[in-house]
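Peer 1: Sending over coords-v2.tsv (TSV, C-alpha atoms).
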chain	number	residue	atom	x	y	z
A	3	MET	CA	-196.11	85.82	22.13
A	4	GLU	CA	-194.40	87.00	18.96
A	5	SER	CA	-194.00	90.75	18.77
A	6	GLY	CA	-195.56	92.53	15.80
A	7	ASP	CA	-192.48	94.59	15.01
A	8	PRO	CA	-189.72	92.34	13.58
A	9	ASP	CA	-186.95	94.56	14.98
A	10	GLU	CA	-188.55	94.61	18.39
A	11	GLY	CA	-189.12	90.83	18.23
A	12	GLY	CA	-185.50	90.31	17.22
A	13	SER	CA	-184.06	92.40	20.01
A	14	ARG	CA	-186.42	90.74	22.49
A	15	ARG	CA	-185.18	87.32	21.38
A	16	ALA	CA	-181.59	88.53	21.70
A	17	GLY	CA	-182.40	89.68	25.25
A	18	LEU	CA	-183.95	86.32	26.08
A	19	MET	CA	-180.87	84.50	24.79
A	20	ALA	CA	-178.63	86.78	26.86
A	21	GLY	CA	-180.76	85.83	29.86
A	22	ALA	CA	-180.39	82.14	28.96
A	23	GLN	CA	-176.60	82.56	28.89
A	24	GLN	CA	-176.84	83.76	32.48
A	25	GLY	CA	-178.85	80.69	33.44
A	26	ASP	CA	-182.38	82.19	33.39
A	27	SER	CA	-184.44	79.12	32.54
A	28	SER	CA	-187.77	80.96	32.17
A	29	ALA	CA	-186.21	83.31	29.58
A	30	TYR	CA	-184.76	80.25	27.86
A	31	GLY	CA	-188.11	78.46	27.80
A	32	GLU	CA	-189.81	81.56	26.43
A	33	LEU	CA	-187.15	81.89	23.73
A	34	LEU	CA	-187.37	78.22	22.70
A	35	ASN	CA	-191.17	78.42	22.49
A	36	GLU	CA	-190.92	81.57	20.39
A	37	ILE	CA	-188.33	80.28	17.93
A	38	GLY	CA	-189.92	76.80	17.68
A	39	PRO	CA	-192.35	77.58	14.83
A	40	MET	CA	-189.66	79.56	12.94
A	41	VAL	CA	-187.19	76.70	13.23
A	42	MET	CA	-189.81	74.10	12.27
A	43	SER	CA	-190.90	75.96	9.15
A	44	PHE	CA	-187.22	76.56	8.22
A	45	VAL	CA	-186.39	72.87	8.68
A	46	ARG	CA	-189.52	71.65	6.84
A	47	ARG	CA	-188.53	73.69	3.79
A	48	ARG	CA	-185.16	71.94	3.69
A	49	VAL	CA	-185.90	68.40	4.89
A	50	ARG	CA	-188.50	66.58	2.81
A	51	ASP	CA	-189.27	63.61	5.04
A	52	ALA	CA	-191.53	64.51	7.99
A	53	ASP	CA	-189.79	62.10	10.39
A	54	ASP	CA	-186.40	63.41	9.36
A	55	ALA	CA	-187.66	66.97	9.83
A	56	GLN	CA	-188.63	66.15	13.43
A	57	ASP	CA	-185.20	64.64	14.02
A	58	ALA	CA	-183.55	67.71	12.47
A	59	TYR	CA	-185.72	70.02	14.63
A	60	GLN	CA	-184.58	68.19	17.74
A	61	GLU	CA	-180.96	68.31	16.60
A	62	VAL	CA	-181.15	72.06	15.93
A	63	PHE	CA	-182.38	72.65	19.47
A	64	MET	CA	-179.68	70.38	20.93
A	65	ALA	CA	-177.02	72.15	18.85
A	66	LEU	CA	-178.12	75.65	19.81
A	67	HIS	CA	-178.14	74.52	23.44
A	68	ARG	CA	-174.56	73.24	23.13
A	69	ALA	CA	-173.45	76.35	21.23
A	70	ARG	CA	-175.24	78.95	23.38
A	71	HIS	CA	-171.95	80.35	24.72
A	72	THR	CA	-170.93	81.35	21.16
A	73	TYR	CA	-173.84	83.76	20.78
A	74	ASP	CA	-172.80	87.41	21.07
A	75	PRO	CA	-175.65	89.26	22.86
A	76	SER	CA	-174.74	92.52	21.09
A	77	ARG	CA	-175.65	90.99	17.73
A	78	PRO	CA	-179.02	89.81	16.36
A	79	LEU	CA	-179.95	86.23	17.23
A	80	GLU	CA	-181.36	85.15	13.87
A	81	PRO	CA	-178.12	84.84	11.80
A	82	TRP	CA	-176.60	82.73	14.57
A	83	LEU	CA	-179.71	80.57	14.96
A	84	PHE	CA	-180.33	80.01	11.25
A	85	ALA	CA	-176.66	79.27	10.53
A	86	ILE	CA	-176.99	76.34	12.95
A	87	ALA	CA	-180.40	75.32	11.56
A	88	ARG	CA	-179.17	75.52	7.95
A	89	ARG	CA	-176.20	73.31	8.70
A	90	VAL	CA	-178.19	70.71	10.66
A	91	ALA	CA	-180.99	70.58	8.06
A	92	GLY	CA	-178.43	70.35	5.25
A	93	ASP	CA	-176.68	67.45	6.99
A	94	HIS	CA	-180.01	65.64	7.43
A	95	GLU	CA	-181.00	66.09	3.81
A	96	ARG	CA	-177.57	64.91	2.64
A	97	ARG	CA	-177.81	61.82	4.84
A	98	ARG	CA	-181.34	61.15	3.53
A	99	ILE	CA	-180.14	61.32	-0.08
A	100	VAL	CA	-177.21	58.98	0.64
A	101	ARG	CA	-179.50	56.58	2.51
A	102	ARG	CA	-182.00	56.62	-0.34
A	103	THR	CA	-179.38	55.70	-2.91
A	104	ARG	CA	-178.39	52.68	-0.82
A	105	GLU	CA	-181.83	51.44	0.21
A	106	VAL	CA	-183.81	48.83	-1.66
A	107	LEU	CA	-187.53	48.95	-0.94
A	108	ILE	CA	-189.07	45.59	-0.20
A	109	ASP	CA	-192.64	44.54	0.40
A	110	CYS	CA	-191.97	41.59	2.70
A	111	PRO	CA	-190.05	41.52	5.97
A	112	PRO	CA	-186.97	39.29	6.07
A	113	GLU	CA	-187.33	35.76	7.39
A	114	ILE	CA	-186.05	35.63	10.94
A	115	ALA	CA	-184.83	32.39	12.47
A	116	ILE	CA	-186.19	31.79	15.96
A	117	GLU	CA	-184.10	29.82	18.40
A	118	ASP	CA	-185.71	26.70	19.80
A	119	GLY	CA	-187.76	27.34	22.89
A	120	ALA	CA	-187.50	31.13	22.72
A	121	PRO	CA	-190.96	32.64	23.11
A	122	LEU	CA	-191.53	34.98	20.16
A	123	LYS	CA	-194.21	37.31	21.47
A	124	PRO	CA	-192.39	38.93	24.42
A	125	ARG	CA	-189.25	39.38	22.31
A	126	LEU	CA	-191.20	40.86	19.43
A	127	GLU	CA	-193.04	43.23	21.73
A	128	GLN	CA	-189.77	44.33	23.27
A	129	ALA	CA	-188.22	44.81	19.84
A	130	LEU	CA	-191.23	46.80	18.64
A	131	ARG	CA	-190.74	49.17	21.56
A	132	GLY	CA	-187.30	49.95	20.16
A	133	LEU	CA	-188.82	51.38	16.98
A	134	SER	CA	-189.94	54.95	16.48
A	135	ALA	CA	-193.67	55.61	16.66
A	136	ALA	CA	-193.93	55.98	12.87
A	137	GLN	CA	-192.02	52.74	12.24
A	138	ARG	CA	-194.07	50.86	14.81
A	139	GLU	CA	-197.26	52.14	13.22
A	140	ALA	CA	-196.09	50.96	9.79
A	141	ILE	CA	-195.39	47.44	11.10
A	142	GLU	CA	-198.67	47.30	12.99
A	143	LEU	CA	-200.74	48.40	10.01
A	144	LEU	CA	-198.98	46.23	7.43
A	145	LYS	CA	-198.16	43.08	9.36
A	146	LEU	CA	-200.31	42.90	12.46
A	147	ASP	CA	-203.51	44.41	10.97
A	148	GLY	CA	-202.65	42.94	7.56
A	149	LEU	CA	-203.81	46.00	5.62
A	150	PRO	CA	-202.81	46.42	1.96
A	151	THR	CA	-200.09	49.03	1.44
A	152	GLU	CA	-202.45	51.68	0.03
A	153	SER	CA	-204.96	51.31	2.88
A	154	ALA	CA	-202.23	51.27	5.50
A	155	ALA	CA	-200.72	54.42	3.99
A	156	ALA	CA	-204.09	56.16	4.10
A	157	ALA	CA	-204.55	55.10	7.73
A	158	ALA	CA	-201.13	56.45	8.62
A	159	GLY	CA	-201.82	59.69	6.74
A	160	THR	CA	-198.88	59.26	4.38
A	161	THR	CA	-198.07	57.99	0.89
A	162	ALA	CA	-197.55	54.34	0.01
A	163	GLY	CA	-193.91	55.02	-0.86
A	164	ALA	CA	-193.20	56.76	2.46
A	165	LEU	CA	-194.90	53.95	4.36
A	166	LYS	CA	-192.77	51.36	2.54
A	167	VAL	CA	-189.64	53.31	3.51
A	168	ARG	CA	-190.72	53.36	7.16
A	169	ALA	CA	-191.53	49.65	7.07
A	170	HIS	CA	-188.21	48.88	5.43
A	171	ARG	CA	-186.30	50.76	8.10
A	172	ALA	CA	-188.35	49.02	10.77
A	173	TYR	CA	-187.55	45.59	9.28
A	174	LYS	CA	-183.86	46.40	9.29
A	175	LEU	CA	-184.00	47.54	12.89
A	176	LEU	CA	-186.06	44.51	13.94
A	177	ARG	CA	-183.54	42.22	12.31
A	178	GLN	CA	-180.86	43.75	14.53
A	179	LEU	CA	-183.00	43.69	17.65
A	180	LEU	CA	-184.31	40.12	17.36
B	21	MET	CA	-198.10	77.52	26.24
B	22	THR	CA	-197.17	75.13	23.46
B	23	PRO	CA	-196.75	77.13	20.30
B	24	ASP	CA	-198.46	76.07	17.10
B	25	ARG	CA	-196.53	74.50	14.24
B	26	THR	CA	-194.00	72.69	16.40
B	27	PRO	CA	-193.63	68.91	16.49
B	28	PRO	CA	-195.18	66.89	19.35
B	29	LEU	CA	-191.80	66.44	21.01
B	30	HIS	CA	-191.36	70.23	21.42
B	31	ASP	CA	-192.65	70.54	25.00
B	32	ALA	CA	-190.62	67.60	26.29
B	33	LEU	CA	-187.55	68.87	24.43
B	34	VAL	CA	-187.87	72.37	25.90
B	35	ALA	CA	-188.38	70.95	29.40
B	36	ARG	CA	-185.27	68.83	28.99
B	37	LEU	CA	-183.12	71.72	27.73
B	38	LYS	CA	-184.39	74.03	30.48
B	39	ALA	CA	-183.50	71.40	33.08
B	40	ASP	CA	-180.03	71.15	31.57
B	41	LEU	CA	-179.45	74.94	31.48
B	42	THR	CA	-176.39	76.28	33.28
B	43	PRO	CA	-174.89	79.79	33.07
B	44	VAL	CA	-172.21	80.12	30.39
B	45	ARG	CA	-169.53	82.75	29.75
B	46	PRO	CA	-169.96	84.11	26.22
B	47	LEU	CA	-167.00	83.46	23.97
B	48	TRP	CA	-164.66	86.41	23.33
B	49	ALA	CA	-165.21	88.14	20.00
B	50	PRO	CA	-163.24	86.57	17.11
B	51	SER	CA	-161.18	89.79	16.73
B	52	VAL	CA	-160.07	89.65	20.38
B	53	ARG	CA	-159.17	85.97	20.10
B	54	LEU	CA	-157.26	86.70	16.88
B	55	ALA	CA	-155.34	89.51	18.59
B	56	TRP	CA	-154.22	87.18	21.40
B	57	TRP	CA	-153.22	84.50	18.94
B	58	LEU	CA	-151.19	87.03	16.93
B	59	VAL	CA	-149.29	87.89	20.11
B	60	LEU	CA	-148.34	84.20	20.38
B	61	ALA	CA	-147.47	84.06	16.66
B	62	GLY	CA	-145.31	87.19	17.02
B	63	SER	CA	-143.49	85.62	19.96
B	64	VAL	CA	-142.72	82.50	17.90
B	65	ILE	CA	-141.28	84.62	15.09
B	66	ALA	CA	-139.27	86.68	17.59
B	67	ILE	CA	-137.76	83.48	19.02
B	68	ALA	CA	-136.88	82.29	15.51
B	69	MET	CA	-135.16	85.62	14.79
B	70	GLU	CA	-133.22	85.30	18.01
B	71	ILE	CA	-132.01	81.71	17.58
B	72	GLY	CA	-131.88	81.65	13.77
B	73	LEU	CA	-128.80	81.13	11.63
B	74	ARG	CA	-129.45	84.19	9.46
B	75	HIS	CA	-126.80	86.76	10.37
B	76	ASP	CA	-127.70	89.17	7.56
B	77	LEU	CA	-131.31	89.61	8.69
B	78	ALA	CA	-130.97	93.38	9.22
B	79	THR	CA	-129.75	93.76	5.62
B	80	GLN	CA	-132.41	91.42	4.28
B	81	LEU	CA	-135.16	93.36	6.03
B	82	ARG	CA	-134.23	96.37	3.87
B	83	ARG	CA	-134.73	94.32	0.69
B	84	PRO	CA	-138.23	94.89	-0.82
B	85	LEU	CA	-138.58	91.36	-2.28
B	86	TYR	CA	-137.70	89.74	1.04
B	87	LEU	CA	-140.09	92.04	2.90
B	88	LEU	CA	-142.82	91.27	0.36
B	89	GLN	CA	-142.32	87.53	0.88
B	90	LEU	CA	-142.60	87.89	4.64
B	91	GLY	CA	-145.49	90.35	4.41
B	92	THR	CA	-147.62	88.20	2.11
B	93	LEU	CA	-146.94	85.06	4.13
B	94	LEU	CA	-147.73	86.86	7.37
B	95	GLY	CA	-150.87	88.31	5.76
B	96	ALA	CA	-151.87	84.83	4.60
B	97	GLY	CA	-151.48	83.48	8.13
B	98	THR	CA	-153.40	86.38	9.67
B	99	ALA	CA	-156.28	86.12	7.16
B	100	ALA	CA	-156.53	82.34	7.64
B	101	ALA	CA	-156.45	82.76	11.42
B	102	GLY	CA	-159.20	85.40	11.24
B	103	ALA	CA	-161.31	83.07	9.09
B	104	ALA	CA	-160.74	80.17	11.52
B	105	PHE	CA	-161.75	82.20	14.59
B	106	ARG	CA	-164.85	83.49	12.80
B	107	GLY	CA	-165.63	79.96	11.63
B	108	ALA	CA	-165.94	78.94	15.28
B	109	VAL	CA	-169.00	81.18	15.71
B	110	PRO	CA	-172.21	80.19	13.84
B	111	GLY	CA	-173.34	82.93	11.48
B	112	ARG	CA	-169.95	84.70	11.51
B	113	GLU	CA	-168.19	82.46	8.97
B	114	ASN	CA	-166.15	84.48	6.49
B	115	ARG	CA	-165.12	82.48	3.44
B	116	PRO	CA	-163.66	85.45	1.52
B	117	MET	CA	-161.20	85.96	4.38
B	118	GLY	CA	-160.11	82.33	4.02
B	119	TYR	CA	-159.74	82.75	0.26
B	120	LEU	CA	-157.72	85.94	0.86
B	121	GLY	CA	-155.33	83.86	2.95
B	122	LEU	CA	-154.99	81.37	0.10
B	123	VAL	CA	-154.37	84.11	-2.47
B	124	LEU	CA	-151.75	85.79	-0.27
B	125	GLY	CA	-150.05	82.43	0.25
B	126	LEU	CA	-149.90	81.84	-3.51
B	127	LEU	CA	-148.67	85.40	-4.03
B	128	SER	CA	-145.93	84.77	-1.52
B	129	GLY	CA	-144.90	81.69	-3.51
B	130	ALA	CA	-144.83	83.79	-6.70
B	131	VAL	CA	-142.61	86.38	-5.01
B	132	VAL	CA	-140.23	83.62	-3.91
B	133	LEU	CA	-140.02	82.42	-7.53
B	134	SER	CA	-138.89	85.87	-8.61
B	135	GLU	CA	-135.76	85.55	-6.45
B	136	PRO	CA	-132.58	84.61	-8.36
B	137	ALA	CA	-131.72	80.91	-8.16
B	138	ALA	CA	-128.62	79.93	-6.17
B	139	ASP	CA	-125.83	77.72	-7.47
B	140	ALA	CA	-126.82	74.08	-7.86
B	141	VAL	CA	-126.15	71.86	-4.86
B	142	SER	CA	-126.01	68.09	-4.62
B	143	VAL	CA	-129.24	66.21	-4.00
B	144	GLY	CA	-127.89	65.02	-0.67
B	145	ARG	CA	-127.13	68.56	0.48
B	146	PHE	CA	-130.50	69.79	-0.82
B	147	MET	CA	-132.31	67.07	1.13
B	148	GLU	CA	-130.25	67.44	4.29
B	149	SER	CA	-130.70	71.20	4.69
B	150	GLY	CA	-134.29	70.97	3.41
B	151	LEU	CA	-135.50	68.33	5.83
B	152	GLN	CA	-134.10	70.40	8.65
B	153	CYS	CA	-136.12	73.41	7.47
B	154	ALA	CA	-139.31	71.34	7.01
B	155	PHE	CA	-138.87	70.02	10.54
B	156	CYS	CA	-138.43	73.58	11.83
B	157	VAL	CA	-141.59	74.77	10.03
B	158	THR	CA	-143.43	71.99	11.87
B	159	LEU	CA	-141.74	72.83	15.16
B	160	PHE	CA	-142.46	76.59	14.98
B	161	GLY	CA	-146.02	76.02	13.76
B	162	LEU	CA	-146.95	73.34	16.26
B	163	LEU	CA	-147.68	75.54	19.29
B	164	PRO	CA	-149.75	78.13	17.35
B	165	TRP	CA	-151.64	75.23	15.73
B	166	VAL	CA	-152.45	73.44	18.97
B	167	VAL	CA	-153.47	76.70	20.64
B	168	MET	CA	-155.64	77.68	17.70
B	169	LEU	CA	-157.34	74.28	17.42
B	170	ALA	CA	-158.08	74.34	21.14
B	171	ALA	CA	-159.43	77.90	20.88
B	172	VAL	CA	-161.59	77.08	17.85
B	173	ALA	CA	-162.87	73.89	19.49
B	174	ARG	CA	-164.16	76.03	22.38
B	175	GLY	CA	-166.57	77.55	19.90
B	176	ALA	CA	-169.08	75.77	17.69
B	177	PRO	CA	-167.62	75.42	14.19
B	178	LEU	CA	-170.16	74.27	11.64
B	179	GLU	CA	-167.63	73.32	8.99
B	180	GLY	CA	-164.91	71.38	10.77
B	181	GLY	CA	-162.85	70.58	7.67
B	182	ALA	CA	-162.71	74.15	6.37
B	183	THR	CA	-162.05	75.62	9.82
B	184	GLY	CA	-159.37	73.01	10.47
B	185	ALA	CA	-157.70	73.85	7.15
B	186	GLN	CA	-157.75	77.55	7.98
B	187	ALA	CA	-156.29	76.87	11.43
B	188	GLY	CA	-153.53	74.70	9.96
B	189	GLY	CA	-152.79	77.14	7.16
B	190	ALA	CA	-152.55	80.02	9.62
B	191	ALA	CA	-150.35	78.26	12.17
B	192	PHE	CA	-147.90	76.74	9.72
B	193	ALA	CA	-147.72	79.92	7.64
B	194	ILE	CA	-146.40	81.48	10.86
B	195	GLY	CA	-144.00	78.52	11.11
B	196	ALA	CA	-142.85	79.24	7.55
B	197	VAL	CA	-142.33	82.94	8.35
B	198	ALA	CA	-140.29	81.93	11.39
B	199	VAL	CA	-138.10	79.62	9.29
B	200	ARG	CA	-137.78	82.23	6.55
B	201	VAL	CA	-136.25	84.70	9.03
B	202	ALA	CA	-134.04	81.99	10.54
B	203	CYS	CA	-132.82	80.10	7.46
B	204	PRO	CA	-129.90	81.62	5.52
B	205	ILE	CA	-130.82	79.89	2.23
B	206	ASP	CA	-132.69	82.09	-0.28
B	207	ASP	CA	-132.79	79.68	-3.21
B	208	PRO	CA	-136.41	79.66	-4.56
B	209	LEU	CA	-136.45	75.86	-4.96
B	210	HIS	CA	-135.36	75.40	-1.34
B	211	VAL	CA	-137.89	77.92	-0.01
B	212	LEU	CA	-140.79	76.53	-2.04
B	213	THR	CA	-139.99	72.88	-1.35
B	214	TRP	CA	-138.97	72.99	2.29
B	215	HIS	CA	-140.56	76.14	3.72
B	216	MET	CA	-143.85	76.39	1.85
B	217	ALA	CA	-144.80	72.85	0.82
B	218	PRO	CA	-144.92	71.74	4.50
B	219	VAL	CA	-147.54	74.45	5.04
B	220	LEU	CA	-149.74	72.81	2.40
B	221	VAL	CA	-149.18	69.35	3.88
B	222	TRP	CA	-150.07	70.54	7.37
B	223	THR	CA	-153.09	72.44	6.06
B	224	ALA	CA	-154.42	69.21	4.55
B	225	LEU	CA	-153.69	67.25	7.75
B	226	SER	CA	-155.32	69.95	9.83
B	227	ALA	CA	-158.43	69.83	7.62
B	228	ALA	CA	-158.66	66.09	8.28
B	229	VAL	CA	-158.20	66.59	12.03
B	230	GLY	CA	-160.71	69.46	12.02
B	231	SER	CA	-163.39	67.51	10.19
B	232	VAL	CA	-163.42	65.03	13.06
B	233	TRP	CA	-162.20	66.83	16.17
B	234	LEU	CA	-163.81	70.22	15.64
B	235	MET	CA	-167.21	68.62	15.06
B	236	ARG	CA	-167.29	66.80	18.40
B	237	TRP	CA	-169.67	69.38	19.84
B	238	ARG	CA	-172.30	68.30	17.30
B	239	ARG	CA	-172.01	64.64	18.18
B	240	VAL	CA	-174.14	64.82	21.30
B	241	ALA	CA	-175.94	61.65	22.21
B	242	ARG	CA	-179.33	61.82	20.51
B	243	TRP	CA	-182.00	62.34	23.10
B	244	ILE	CA	-185.00	60.07	22.69
B	245	PRO	CA	-188.21	61.80	23.79
B	246	PRO	CA	-190.44	59.77	26.14
B	247	ARG	CA	-193.04	58.93	23.48
B	248	TYR	CA	-190.40	57.07	21.44
B	249	GLY	CA	-188.74	55.36	24.37
B	250	PRO	CA	-189.50	51.99	25.96
B	251	ALA	CA	-193.04	51.78	27.36
Please express what this file holds, its structure, as structure tokens.

Peer 2:
Amino acid sequence: MESGDPDEGGSRRAGLMAGAQQGDSSAYGELLNEIGPMVMSFVRRRVRDADDAQDAYQEVFMALHRARHTYDPSRPLEPWLFAIARRVAGDHERRRIVRRTREVLIDCPPEIAIEDGAPLKPRLEQALRGLSAAQREAIELLKLDGLPTESAAAAAGTTAGALKVRAHRAYKLLRQLL
Amino acid sequence: MTPDRTPPLHDALVARLKADLTPVRPLWAPSVRLAWWLVLAGSVIAIAMEIGLRHDLATQLRRPLYLLQLGTLLGAGTAAAGAAFRGAVPGRENRPMGYLGLVLGLLSGAVVLSEPAADAVSVGRFMESGLQCAFCVTLFGLLPWVVMLAAVARGAPLEGGATGAQAGGAAFAIGAVAVRVACPIDDPLHVLTWHMAPVLVWTALSAAVGSVWLMRWRRVARWIPPRYGPA
């Protein structure tokens, strides 16, 4: 549980990280659970897309795990943690902007040539499993359920534009997988 | 307990990281690592003094302009090295220290320019003696550079290019100091072209190396949580 006093909470987190450096997995778990909401709200403020924010969150945790030996237990944890989070979130947002400038949104999936005799359904199901949950949902709503874009977006709890982006990425990935 | 306001993958991610946890030895403080590196840099300069062709070094070391050149170049290398070691620790980056290194390097170049020019030599002679000096800057800077890159790579630099540039600038500034105490030619054109320009070239190369090699720790294979993986 988060301590009421920020100083006390900070030094407790520093202590937990020092424990993690010595291999104490329960201290590590406690620390990761405690910093999770802080990291998520930090990342969400910097990464606009919700899916990208989840990816960035995961990458922050992986990075802090890889960099845990660089933390100095005599110093506060937060500057170290947020320096990593800032960099990872910044990289994600930069990549998103670059991707956005190169992407062309389309309404229809590309035509895919099927080899003679190859059963489509098992291959399609296998390919769909290679998509992220959000991408799979977009394909299912738009193409399998046949919903109009606005209705599909409402069902997915997102905007029509965001759903089109997800569907577009899914089409690209499917084209590679099939 | 799963905390609020975390994504659905949080629990699986924490379980995975906990399972992967092993004890680690905290990295030495940047100041301690800098001190050890300066010992190495000092040894390189001492070797250059010992094997160098400059027989009037004792006299030169009493000349303020010469001392100022060496001092600013040494200061540039030390500041850049300090910035590189701090850049290896998230949250400890110190850009002003890196800029101080750059300013001291430029100041050193300005001090060199204030030296009187020597008699003109043929292009062939200029190139021959110069290439030798440029090679020696590389040679004397190589070990400090490799050691520093390896030391920085043991940390977790967040800006590989900048940290690589600082590492290269520091190491080859030491190489330039070593050549300055070993080379008997004081002509400003020679010193700027063959002692100092190689430092800039190596700094740029080191930035390129750093932007790739020093960022390896970030390129971990992306872990796919179970809910995204194959059914």

Peer 1: Restricting the calculation to all atoms listed in the file: of A:Ala172, A:Ala136, A:Arg70, A:Gly92, which residue gets closest to Ala155 in chain A?

Peer 2: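 Using all atoms listed in the file, the shortest distance to Ala155 in chain A belongs to A:Ala136.
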
Peer 1: Please report, as CSV, each residue of range 78-189 of chain B lying at most 7 Å from range 44-54 of chain B, together with the nearest pair of atoms and the separation in Å rounded to one decimal; use all atoms listed in the file, and order rows by chain and ascending residue number.

Peer 2:
residue,atom,partner,partner_atom,distance
B:Ala101,CA,B:Leu54,CA,6.8
B:Gly102,CA,B:Leu54,CA,6.1
B:Phe105,CA,B:Pro50,CA,5.3
B:Arg106,CA,B:Pro50,CA,5.5

Peer 1: Please determine the contact residues of chain A with respect to chain B at a cut-off of 8 Å, counting only C-alpha atoms, and supply them as a PyMOL selection string.

Peer 2: chain A and resi 22-28+30-31+34-36+38-39+42-43+56+60-61+64-65+67-74+81-86+89+131-135

Peer 1: Let me see the file: selected residues, C-alpha atoms, as a JSON list (two decimals), in the coordinates of the input.

Peer 2:
[["chain", "number", "residue", "atom", "x", "y", "z"],
["A", 22, "ALA", "CA", -180.39, 82.14, 28.96],
["A", 23, "GLN", "CA", -176.60, 82.56, 28.89],
["A", 24, "GLN", "CA", -176.84, 83.76, 32.48],
["A", 25, "GLY", "CA", -178.85, 80.69, 33.44],
["A", 26, "ASP", "CA", -182.38, 82.19, 33.39],
["A", 27, "SER", "CA", -184.44, 79.12, 32.54],
["A", 28, "SER", "CA", -187.77, 80.96, 32.17],
["A", 30, "TYR", "CA", -184.76, 80.25, 27.86],
["A", 31, "GLY", "CA", -188.11, 78.46, 27.80],
["A", 34, "LEU", "CA", -187.37, 78.22, 22.70],
["A", 35, "ASN", "CA", -191.17, 78.42, 22.49],
["A", 36, "GLU", "CA", -190.92, 81.57, 20.39],
["A", 38, "GLY", "CA", -189.92, 76.80, 17.68],
["A", 39, "PRO", "CA", -192.35, 77.58, 14.83],
["A", 42, "MET", "CA", -189.81, 74.10, 12.27],
["A", 43, "SER", "CA", -190.90, 75.96, 9.15],
["A", 56, "GLN", "CA", -188.63, 66.15, 13.43],
["A", 60, "GLN", "CA", -184.58, 68.19, 17.74],
["A", 61, "GLU", "CA", -180.96, 68.31, 16.60],
["A", 64, "MET", "CA", -179.68, 70.38, 20.93],
["A", 65, "ALA", "CA", -177.02, 72.15, 18.85],
["A", 67, "HIS", "CA", -178.14, 74.52, 23.44],
["A", 68, "ARG", "CA", -174.56, 73.24, 23.13],
["A", 69, "ALA", "CA", -173.45, 76.35, 21.23],
["A", 70, "ARG", "CA", -175.24, 78.95, 23.38],
["A", 71, "HIS", "CA", -171.95, 80.35, 24.72],
["A", 72, "THR", "CA", -170.93, 81.35, 21.16],
["A", 73, "TYR", "CA", -173.84, 83.76, 20.78],
["A", 74, "ASP", "CA", -172.80, 87.41, 21.07],
["A", 81, "PRO", "CA", -178.12, 84.84, 11.80],
["A", 82, "TRP", "CA", -176.60, 82.73, 14.57],
["A", 83, "LEU", "CA", -179.71, 80.57, 14.96],
["A", 84, "PHE", "CA", -180.33, 80.01, 11.25],
["A", 85, "ALA", "CA", -176.66, 79.27, 10.53],
["A", 86, "ILE", "CA", -176.99, 76.34, 12.95],
["A", 89, "ARG", "CA", -176.20, 73.31, 8.70],
["A", 131, "ARG", "CA", -190.74, 49.17, 21.56],
["A", 132, "GLY", "CA", -187.30, 49.95, 20.16],
["A", 133, "LEU", "CA", -188.82, 51.38, 16.98],
["A", 134, "SER", "CA", -189.94, 54.95, 16.48],
["A", 135, "ALA", "CA", -193.67, 55.61, 16.66]]

Peer 1: What is the distance between CA of Ala198 in chain B and CA of Val64 in chain B, in Å to one decimal?

Peer 2: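 Going from CA of Ala198 in chain B over to CA of Val64 in chain B, I get 7.0 Å.
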
Peer 1: In Å to one decimal, how far is CA of Phe155 in chain B from CA of Arg236 in chain B?

Peer 2: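 CA of Phe155 in chain B lies 29.7 Å from CA of Arg236 in chain B.
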
Peer 1: Please list as a PyMOL selection string every residue within 12 Å of Ile65 in chain B, counting all atoms listed in the file and excluding residues in the same chain fewer than 6 positions away.

Peer 2: chain B and resi 58-59+71-72+90+94+156-157+159-161+163-164+191-202

Peer 1: Tell me which of B:Trp57, B:Trp222, B:Tyr119, B:Tyr86 sits closest to Leu133 in chain B, counting all atoms listed in the file.

Peer 2: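 Looking at the shortest contact to Leu133 in chain B, the residue is B:Tyr86.
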
Peer 1: Determine the nearest neighbour of Arg101 in chain A from the options A:Ala20, A:Val167, A:Tyr173, A:Glu32, counting all atoms listed in the file.

Peer 2: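 When distances to Arg101 in chain A are compared using all atoms listed in the file, the smallest one comes from A:Val167.
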
Peer 1: Excluding Ala190 in chain B and residues on its chain fewer than 3 positions from it, collect all residues at most 8 Å away from it, counting all atoms listed in the file, and give them as a PyMOL selection string.

Peer 2: chain B and resi 96-101+165+186-187+193-194

Peer 1: Those residues with C-alpha atoms, as a PDB file, keeping the file's coordinate frame please?

Peer 2:
ATOM      1  CA  ALA B  96    -151.870  84.830   4.600  1.00  0.00           C
ATOM      2  CA  GLY B  97    -151.480  83.480   8.130  1.00  0.00           C
ATOM      3  CA  THR B  98    -153.400  86.380   9.670  1.00  0.00           C
ATOM      4  CA  ALA B  99    -156.280  86.120   7.160  1.00  0.00           C
ATOM      5  CA  ALA B 100    -156.530  82.340   7.640  1.00  0.00           C
ATOM      6  CA  ALA B 101    -156.450  82.760  11.420  1.00  0.00           C
ATOM      7  CA  TRP B 165    -151.640  75.230  15.730  1.00  0.00           C
ATOM      8  CA  GLN B 186    -157.750  77.550   7.980  1.00  0.00           C
ATOM      9  CA  ALA B 187    -156.290  76.870  11.430  1.00  0.00           C
ATOM     10  CA  ALA B 193    -147.720  79.920   7.640  1.00  0.00           C
ATOM     11  CA  ILE B 194    -146.400  81.480  10.860  1.00  0.00           C
TER      12      ILE B 194
END

Peer 1: In Å to one decimal, how far is CA of Arg104 in chain A from CA of Arg125 in chain A?

Peer 2: 28.8 Å

Peer 1: Might you pull out every residue within 7 Å of range 169-171 of chain A, with only C-alpha atoms counted and same-chain residues fewer than 2 positions away left off, and present them as a list in words?

Peer 2: Leu107, Ile108, Gln137, Ala140, Ile141, Leu165, Lys166, Val167, Tyr173, Lys174 and Leu175 of chain A
